[in-house]
Amino acid sequence: NLGLATASTWLAAAVWFAPSFTGATTVTYAPPLRLAATAAHLATAVIAKCAWAKSSPGVSPVRVLKGVAGSALGLAPPGGTALGDPDASESKVVAPTLLTAAFGAWTLVALAAPFPVATLPLALGRRLSRAAGAHSLLATVAAYCYKDAVERDRDGASTFKTLKKGLVGLGALHLLLLAAKLAFDDWSQYPAAASRLILTALSVATFGLAAGL
């Protein structure tokens, strides 16, 4: 819920402050659309924040920061040498761990990297790339929750099966859209994808890993 609230706030800001997010003063939205979209995202953020507050013993910013920092520091999965054995049960946590780290990195790229690098990994262009980082953030949270479930041997529960299906669907849909862009779009519109081949390969690998989760 807190991840959804943060992502929705991010999207509301992307709509309201579109020129700042895109680096182009010409990117603006009609006032009715701007108001409606911002209100919808903020309403979603408030609902998600309230749901999180009801289920959490504390809502202080310090507690949130400690939780995020603890999750990042605890990202390395247990299992030792068994992690390298694809037939070992411990190795099931490797893929969601890598996805958590990868989507977290792409979230930071969308948030802070200069253009045109910020257009990766989604290859959406300047207009949408920073806003789409909110979806990378949600994918990070989903991957981490699924990783935690795998570690606790709870990945068979319906909630975590749904999370897994969402990640698989995200990966498959992105690869399909990327293939369509390669086939039908002008690739020169995506200079980062065309010139930063290593980063492009890493982005494709991220969504390929999600699709094969």
# chains A, B, ... in the order shown; residues from 1 in each chain; ligands from 1

call {"tool": "residues_around", "arguments": {"residues": "range 200-203 of chain A", "least_positions_apart": "3", "cutoff": "10 Å", "atoms": "only C-alpha atoms", "output": "list of chain:residue names"}}
result
A:Ala102, A:Phe103, A:Trp106, A:Val117, A:Leu120, A:Pro121, A:Leu122, A:Ala123, A:Ala192, A:Ala193, A:Ala194, A:Ser195, A:Arg196, A:Leu197, A:Thr206, A:Phe207, A:Gly208, A:Leu209

call {"tool": "residues_around", "arguments": {"residues": "range 108-113 of chain A", "least_positions_apart": "2", "cutoff": "6 Å", "atoms": "only C-alpha atoms", "output": "mmCIF file with all heavy atoms, in the first residue's frame"}}
result
data_model
loop_
_atom_site.group_PDB
_atom_site.id
_atom_site.type_symbol
_atom_site.label_atom_id
_atom_site.label_comp_id
_atom_site.auth_asym_id
_atom_site.auth_seq_id
_atom_site.Cartn_x
_atom_site.Cartn_y
_atom_site.Cartn_z
ATOM 1 N N ALA A 105 17.048 -0.269 -9.468
ATOM 2 C CA ALA A 105 18.027 0.526 -10.216
ATOM 3 C C ALA A 105 17.353 1.315 -11.333
ATOM 4 O O ALA A 105 17.662 2.501 -11.546
ATOM 5 C CB ALA A 105 19.105 -0.391 -10.791
ATOM 6 N N TRP A 106 16.419 0.695 -12.061
ATOM 7 C CA TRP A 106 15.732 1.410 -13.142
ATOM 8 C C TRP A 106 14.844 2.526 -12.600
ATOM 9 O O TRP A 106 14.635 3.553 -13.257
ATOM 10 C CB TRP A 106 14.903 0.439 -13.979
ATOM 11 C CG TRP A 106 15.728 -0.516 -14.775
ATOM 12 C CD1 TRP A 106 15.676 -1.883 -14.747
ATOM 13 C CD2 TRP A 106 16.740 -0.200 -15.740
ATOM 14 N NE1 TRP A 106 16.591 -2.430 -15.617
ATOM 15 C CE2 TRP A 106 17.255 -1.419 -16.236
ATOM 16 C CE3 TRP A 106 17.264 0.998 -16.225
ATOM 17 C CZ2 TRP A 106 18.269 -1.478 -17.196
ATOM 18 C CZ3 TRP A 106 18.276 0.946 -17.176
ATOM 19 C CH2 TRP A 106 18.761 -0.263 -17.654
ATOM 20 N N ALA A 118 17.586 8.468 -19.166
ATOM 21 C CA ALA A 118 16.381 8.312 -18.356
ATOM 22 C C ALA A 118 15.244 7.636 -19.116
ATOM 23 O O ALA A 118 14.273 7.174 -18.504
ATOM 24 C CB ALA A 118 15.910 9.669 -17.839
ATOM 25 N N ARG A 130 10.136 9.637 -17.255
ATOM 26 C CA ARG A 130 10.266 9.883 -15.820
ATOM 27 C C ARG A 130 8.977 9.515 -15.084
ATOM 28 O O ARG A 130 9.029 8.984 -13.971
ATOM 29 C CB ARG A 130 10.638 11.337 -15.549
ATOM 30 C CG ARG A 130 12.035 11.707 -15.988
ATOM 31 C CD ARG A 130 12.617 12.825 -15.139
ATOM 32 N NE ARG A 130 13.820 13.382 -15.743
ATOM 33 C CZ ARG A 130 15.037 12.875 -15.633
ATOM 34 N NH1 ARG A 130 15.218 11.753 -14.956
ATOM 35 N NH2 ARG A 130 16.069 13.474 -16.206
ATOM 36 N N GLY A 133 8.698 5.863 -14.318
ATOM 37 C CA GLY A 133 9.502 5.362 -13.219
ATOM 38 C C GLY A 133 8.655 4.940 -12.033
ATOM 39 O O GLY A 133 9.069 4.081 -11.235
#

call {"tool": "residues_around", "arguments": {"residues": "range 138-145 of chain A", "least_positions_apart": "3", "cutoff": "7 Å", "atoms": "only C-alpha atoms", "output": "list in words"}}
result
Gly3, Leu4, Ala7, Pro96, Thr97, Leu99, Thr100, Phe103, Gly104, Ala134, His135, Asp148, Ala149 and Leu163 of chain A

call {"tool": "residues_around", "arguments": {"residues": "range 26-37 of chain A", "least_positions_apart": "2", "cutoff": "12 Å", "atoms": "only C-alpha atoms", "output": "number ranges by chain"}}
result
A: 8-9, 11-24, 39-44, 126-128

call {"tool": "closest_residue", "arguments": {"among": "A:Val93, A:Ala183, A:Leu170, A:Ala5", "to": "Lys147 in chain A", "atoms": "only C-alpha atoms"}}
result
A:Val93

call {"tool": "closest_residue", "arguments": {"among": "A:Phe115, A:Phe160, A:Trp10, A:Tyr146", "to": "Val94 in chain A", "atoms": "only C-alpha atoms"}}
result
A:Tyr146

call {"tool": "select_by_dssp", "arguments": {"residues": "range 92-203 of chain A", "states": "alpha helix (DSSP H)", "output": "ChimeraX atom specification"}}
result
/A:94-112,126-151,158-184,191-195,197-203

call {"tool": "closest_residue", "arguments": {"among": "A:Leu2, A:Ala210, A:Ala172, A:Leu137", "to": "Ala53 in chain A", "atoms": "only C-alpha atoms"}}
result
A:Leu2

call {"tool": "atom_distance", "arguments": {"atom1": "CA of Thr6 in chain A", "atom2": "CA of Thr38 in chain A"}}
result
13.6 Å

call {"tool": "closest_residue", "arguments": {"among": "A:Ala179, A:Lys164, A:Asn1, A:Leu98", "to": "Ser55 in chain A", "atoms": "only C-alpha atoms"}}
result
A:Asn1
